[in-house]
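Novice: Supplied in structure tokens, the structure appears directly below.
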Amino acid sequence: MYQNKAQGSYGWRVFFLVLGLSFILGGSAALAAGPTDDIKSLITEVQAILDNPALQAPDQRARKVDLVEQVAARHFNYREMAQRCLGETWGSLNRGQQNEFVKNFSGLLKASFACRLDEFTKARVTYQPEILKADHAEVPIIILRPNDKIPVSFRMLKEPQGWKIYDLLIEGVSLADNYRGQFARVIQGGSFESLLKVLQDRMAAECKP
């Protein structure tokens with residue numbers, strides 16, 4: 001099992017709060033003028049899902065999560081994110097292994113988000129000036145919650161389908177860099193299959209008391 005670097009600087013709770021909120025902020029690039037507009041444009045859509053009276057009953061929770069995940073799936077490049085998190089190991093894997101890693105990695109992110117859905121409805125966001133360079137962009141925001149003020153930057157790539165999120169900076173720490181170190185230690189101490197098992201175990205452990 002690996003230790004998360006976030007435990008020392010801002011903790012698992014904050015890490016997954018920000019990670020989960022990033023799903024909420026995924027945007028529809030086809031309708032927006034730029035990366036910041038892209039992120040802003042989906043806040044209203046997702047907030048409508050979270051606030052929909054028809055989805056407030058406990059038996060509608062899975063439906064609510066599914067709807068928000070559909071938004072995220074259109075606007076996160078999970079494969080690019082997974083590749084950056086795996087680092088040099090990615091190139092040594094065959095296509096099937098790469099696909100399996102993307103499946104498990106994205107599954108862990110989604111499970112972490114789903115377990116913290118109620119926390120995200122209380123958050124507010126302020127936007128900072130975006131940094132735009134050709135086909136790359138960084139959109140800084142501040143996430144505001146009671147007793148929390150968390151700076152986050154969305155790193156995005158401009159693709160044929162629009163702007164896609166491929167990394168997050170959480171209080172100056174790259175999610176991809178953070179995970180890459182963790183995953184490298186697991187592989188060095190075992191194997192790629194060991195890493196898949198770690199991801200699967202953590203998915204199974206999410207939402208348990």
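Chain labels follow the order of the structure tokens: the first chain is A, the next B, and so on; residue numbering restarts at 1 in every chain, and ligands are counted from 1 in their shown order.
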So that I can check the surroundings of Lys158 in chain A, please list as an MDAnalysis selection string every protein, DNA and RNA residue that reaches within 10 Å of it, counting only C-alpha atoms and ignoring chain neighbours fewer than 3 positions away.
Specialist: chainID A and resid 29 34:35 134:137 161:165
Novice: Write a file of the just-selected residues containing N, CA and C atoms, as a PDB file, in the first residue's frame.
Specialist:
ATOM      1  N   ALA A  29     -16.832  22.454 -24.038  1.00  0.00           N
ATOM      2  CA  ALA A  29     -16.002  23.355 -24.842  1.00  0.00           C
ATOM      3  C   ALA A  29     -16.671  23.769 -26.125  1.00  0.00           C
ATOM      4  N   GLY A  34     -13.618  29.871 -24.425  1.00  0.00           N
ATOM      5  CA  GLY A  34     -12.274  29.560 -23.977  1.00  0.00           C
ATOM      6  C   GLY A  34     -12.311  28.647 -22.782  1.00  0.00           C
ATOM      7  N   PRO A  35     -11.139  28.284 -22.252  1.00  0.00           N
ATOM      8  CA  PRO A  35     -11.098  27.314 -21.157  1.00  0.00           C
ATOM      9  C   PRO A  35     -11.826  27.768 -19.894  1.00  0.00           C
ATOM     10  N   ALA A 134      -1.210  28.719 -26.722  1.00  0.00           N
ATOM     11  CA  ALA A 134      -1.493  27.858 -27.879  1.00  0.00           C
ATOM     12  C   ALA A 134      -2.534  26.815 -27.508  1.00  0.00           C
ATOM     13  N   ASP A 135      -2.125  25.527 -27.487  1.00  0.00           N
ATOM     14  CA  ASP A 135      -3.089  24.465 -27.223  1.00  0.00           C
ATOM     15  C   ASP A 135      -3.096  24.023 -25.768  1.00  0.00           C
ATOM     16  N   HIS A 136      -2.431  24.789 -24.886  1.00  0.00           N
ATOM     17  CA  HIS A 136      -2.445  24.496 -23.454  1.00  0.00           C
ATOM     18  C   HIS A 136      -3.067  25.676 -22.700  1.00  0.00           C
ATOM     19  N   ALA A 137      -3.708  25.363 -21.599  1.00  0.00           N
ATOM     20  CA  ALA A 137      -4.281  26.420 -20.758  1.00  0.00           C
ATOM     21  C   ALA A 137      -4.244  25.981 -19.302  1.00  0.00           C
ATOM     22  N   GLN A 161     -12.024  17.856 -30.025  1.00  0.00           N
ATOM     23  CA  GLN A 161     -13.355  17.892 -29.406  1.00  0.00           C
ATOM     24  C   GLN A 161     -13.546  19.088 -28.480  1.00  0.00           C
ATOM     25  N   GLY A 162     -12.471  19.827 -28.228  1.00  0.00           N
ATOM     26  CA  GLY A 162     -12.562  20.964 -27.329  1.00  0.00           C
ATOM     27  C   GLY A 162     -11.518  20.873 -26.223  1.00  0.00           C
ATOM     28  N   TRP A 163     -11.640  21.708 -25.202  1.00  0.00           N
ATOM     29  CA  TRP A 163     -10.701  21.727 -24.094  1.00  0.00           C
ATOM     30  C   TRP A 163     -10.954  20.533 -23.177  1.00  0.00           C
ATOM     31  N   LYS A 164      -9.865  19.829 -22.798  1.00  0.00           N
ATOM     32  CA  LYS A 164      -9.954  18.665 -21.926  1.00  0.00           C
ATOM     33  C   LYS A 164      -9.010  18.841 -20.738  1.00  0.00           C
ATOM     34  N   ILE A 165      -9.467  18.482 -19.557  1.00  0.00           N
ATOM     35  CA  ILE A 165      -8.640  18.558 -18.357  1.00  0.00           C
ATOM     36  C   ILE A 165      -7.756  17.320 -18.275  1.00  0.00           C
TER      37      ILE A 165
END
Novice: Excluding Gln200 in chain A and any residue of its chain fewer than 2 positions from it, enumerate the residues within 12 Å of it, using only C-alpha atoms, and give them as a ChimeraX atom specification.
Specialist: /A:1,100-101,103-109,111,193-198,202-206
Novice: Apply DSSP to the backbone of this structure and, from chain A, keep only the residues in helix (DSSP H, G or I); write these as an NGL selection string.
Specialist: :A and (6-9 or 11-24 or 29-31 or 35-51 or 53-55 or 58-75 or 78-92 or 95-115 or 117-120 or 175-189 or 192-205)
Novice: Once DSSP has gone over the backbone, tell me which residues of chain A are in strand (DSSP E), as an MDAnalysis selection string.
Specialist: chainID A and resid 124:127 131:133 136:145 148:159 162:170 173:174
Novice: Between CA of Arg79 in chain A and CA of Arg95 in chain A, what is the distance in Å, rounded to a tenth?
Specialist: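 Result for CA of Arg79 in chain A versus CA of Arg95 in chain A: 11.7 Å, one decimal.
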Novice: Could you please determine the separation between CA of Arg84 in chain A and CA of Ala114 in chain A in Å, to one decimal place?
Specialist: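 Taking CA of Arg84 in chain A and CA of Ala114 in chain A, their separation equals 23.4 Å.
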Novice: Could you check which of A:Leu55, A:Lys40, A:Ala48, A:Leu93 is closest to Ser191 in chain A, using only C-alpha atoms?
Specialist: A:Leu93
Novice: Name all residues at most 12 Å from Arg61 in chain A (count only C-alpha atoms; drop same-chain ones fewer than 4 positions away) and give them as a PyMOL selection string.
Specialist: chain A and resi 49-57+65-68+114-118
Novice: Okay, now the selection with all heavy atoms, as a short mmCIF file (atom, residue, chain, number, x, y, z; two decimals), in the first residue's frame?
Specialist:
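The resulting file, result-v7.cif, is reproduced below:
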data_model
loop_
_atom_site.label_atom_id
_atom_site.label_comp_id
_atom_site.auth_asym_id
_atom_site.auth_seq_id
_atom_site.Cartn_x
_atom_site.Cartn_y
_atom_site.Cartn_z
N ILE A 49 -28.26 19.54 -11.58
CA ILE A 49 -28.37 18.11 -11.24
C ILE A 49 -28.38 17.93 -9.73
O ILE A 49 -29.21 17.21 -9.17
CB ILE A 49 -27.21 17.32 -11.87
CG1 ILE A 49 -27.29 17.36 -13.40
CG2 ILE A 49 -27.21 15.87 -11.37
CD1 ILE A 49 -26.07 16.77 -14.10
N LEU A 50 -27.43 18.58 -9.05
CA LEU A 50 -27.32 18.43 -7.60
C LEU A 50 -28.54 18.98 -6.87
O LEU A 50 -28.92 18.47 -5.81
CB LEU A 50 -26.05 19.12 -7.10
CG LEU A 50 -24.72 18.59 -7.63
CD1 LEU A 50 -23.57 19.40 -7.08
CD2 LEU A 50 -24.55 17.12 -7.29
N ASP A 51 -29.17 20.03 -7.43
CA ASP A 51 -30.29 20.68 -6.76
C ASP A 51 -31.65 20.18 -7.23
O ASP A 51 -32.68 20.60 -6.71
CB ASP A 51 -30.23 22.20 -6.99
CG ASP A 51 -29.03 22.84 -6.29
OD1 ASP A 51 -28.47 22.20 -5.38
OD2 ASP A 51 -28.65 23.96 -6.69
N ASN A 52 -31.67 19.31 -8.23
CA ASN A 52 -32.93 18.83 -8.79
C ASN A 52 -33.78 18.15 -7.71
O ASN A 52 -33.36 17.15 -7.13
CB ASN A 52 -32.63 17.82 -9.91
CG ASN A 52 -33.87 17.42 -10.67
OD1 ASN A 52 -35.00 17.55 -10.19
ND2 ASN A 52 -33.67 16.88 -11.87
N PRO A 53 -34.97 18.67 -7.43
CA PRO A 53 -35.81 18.08 -6.38
C PRO A 53 -36.12 16.60 -6.62
O PRO A 53 -36.28 15.84 -5.67
CB PRO A 53 -37.08 18.93 -6.44
CG PRO A 53 -36.65 20.24 -7.02
CD PRO A 53 -35.58 19.88 -8.02
N ALA A 54 -36.18 16.21 -7.88
CA ALA A 54 -36.50 14.82 -8.19
C ALA A 54 -35.35 13.87 -7.88
O ALA A 54 -35.54 12.64 -7.92
CB ALA A 54 -36.88 14.70 -9.67
N LEU A 55 -34.17 14.43 -7.58
CA LEU A 55 -33.00 13.59 -7.32
C LEU A 55 -32.53 13.66 -5.87
O LEU A 55 -31.43 13.22 -5.56
CB LEU A 55 -31.85 14.01 -8.25
CG LEU A 55 -32.09 13.86 -9.75
CD1 LEU A 55 -30.92 14.45 -10.53
CD2 LEU A 55 -32.30 12.40 -10.13
N GLN A 56 -33.36 14.20 -4.99
CA GLN A 56 -32.94 14.38 -3.61
C GLN A 56 -33.19 13.17 -2.72
O GLN A 56 -32.59 13.04 -1.66
CB GLN A 56 -33.64 15.61 -3.00
CG GLN A 56 -33.34 16.92 -3.73
CD GLN A 56 -31.85 17.15 -3.93
OE1 GLN A 56 -31.08 17.07 -2.98
NE2 GLN A 56 -31.45 17.43 -5.15
N ALA A 57 -34.08 12.28 -3.13
CA ALA A 57 -34.37 11.10 -2.32
C ALA A 57 -33.16 10.18 -2.28
O ALA A 57 -32.39 10.10 -3.24
CB ALA A 57 -35.58 10.35 -2.90
N VAL A 65 -25.27 10.73 -9.15
CA VAL A 65 -23.84 10.52 -9.40
C VAL A 65 -23.60 10.18 -10.86
O VAL A 65 -22.66 10.69 -11.49
CB VAL A 65 -23.30 9.39 -8.49
CG1 VAL A 65 -21.89 9.00 -8.90
CG2 VAL A 65 -23.32 9.83 -7.03
N ASP A 66 -24.43 9.33 -11.42
CA ASP A 66 -24.25 8.92 -12.81
C ASP A 66 -24.36 10.11 -13.76
O ASP A 66 -23.57 10.24 -14.70
CB ASP A 66 -25.29 7.86 -13.18
CG ASP A 66 -25.13 7.35 -14.60
OD1 ASP A 66 -24.07 6.77 -14.90
OD2 ASP A 66 -26.06 7.54 -15.42
N LEU A 67 -25.30 10.99 -13.52
CA LEU A 67 -25.48 12.16 -14.38
C LEU A 67 -24.26 13.08 -14.33
O LEU A 67 -23.79 13.57 -15.37
CB LEU A 67 -26.74 12.93 -13.97
CG LEU A 67 -28.07 12.26 -14.29
CD1 LEU A 67 -29.22 13.03 -13.65
CD2 LEU A 67 -28.28 12.15 -15.80
N VAL A 68 -23.72 13.30 -13.13
CA VAL A 68 -22.53 14.15 -13.01
C VAL A 68 -21.33 13.48 -13.64
O VAL A 68 -20.51 14.12 -14.29
CB VAL A 68 -22.27 14.51 -11.54
CG1 VAL A 68 -20.99 15.32 -11.41
CG2 VAL A 68 -23.45 15.29 -10.96
N ALA A 114 -17.91 10.11 -5.84
CA ALA A 114 -19.26 9.70 -5.48
C ALA A 114 -19.47 9.68 -3.97
O ALA A 114 -20.54 10.03 -3.47
CB ALA A 114 -19.56 8.32 -6.07
N CYS A 115 -18.43 9.28 -3.23
CA CYS A 115 -18.54 9.19 -1.78
C CYS A 115 -18.61 10.55 -1.12
O CYS A 115 -19.00 10.65 0.05
CB CYS A 115 -17.36 8.40 -1.22
SG CYS A 115 -17.36 6.67 -1.69
N ARG A 116 -18.22 11.61 -1.82
CA ARG A 116 -18.15 12.94 -1.24
C ARG A 116 -19.09 13.92 -1.93
O ARG A 116 -18.92 15.12 -1.84
CB ARG A 116 -16.69 13.44 -1.28
CG ARG A 116 -15.80 12.61 -0.37
CD ARG A 116 -14.36 12.63 -0.75
NE ARG A 116 -13.58 11.83 0.18
CZ ARG A 116 -13.46 10.50 0.08
NH1 ARG A 116 -14.03 9.85 -0.92
NH2 ARG A 116 -12.76 9.82 0.97
N LEU A 117 -20.09 13.38 -2.57
CA LEU A 117 -21.00 14.21 -3.35
C LEU A 117 -21.64 15.31 -2.51
O LEU A 117 -21.75 16.45 -2.94
CB LEU A 117 -22.09 13.32 -3.98
CG LEU A 117 -23.07 14.01 -4.93
CD1 LEU A 117 -22.33 14.52 -6.17
CD2 LEU A 117 -24.18 13.06 -5.34
N ASP A 118 -22.06 14.96 -1.30
CA ASP A 118 -22.76 15.95 -0.47
C ASP A 118 -21.88 17.13 -0.09
O ASP A 118 -22.37 18.24 0.11
CB ASP A 118 -23.28 15.28 0.80
CG ASP A 118 -24.37 14.24 0.51
OD1 ASP A 118 -24.99 14.35 -0.56
OD2 ASP A 118 -24.56 13.34 1.34
#
Novice: Counting only C-alpha atoms, what is within 8 Å of Ile150 in chain A, bar same-chain residues fewer than 2 positions away, as a PyMOL selection string?
Specialist: chain A and resi 18+142-144+148+152+170-171
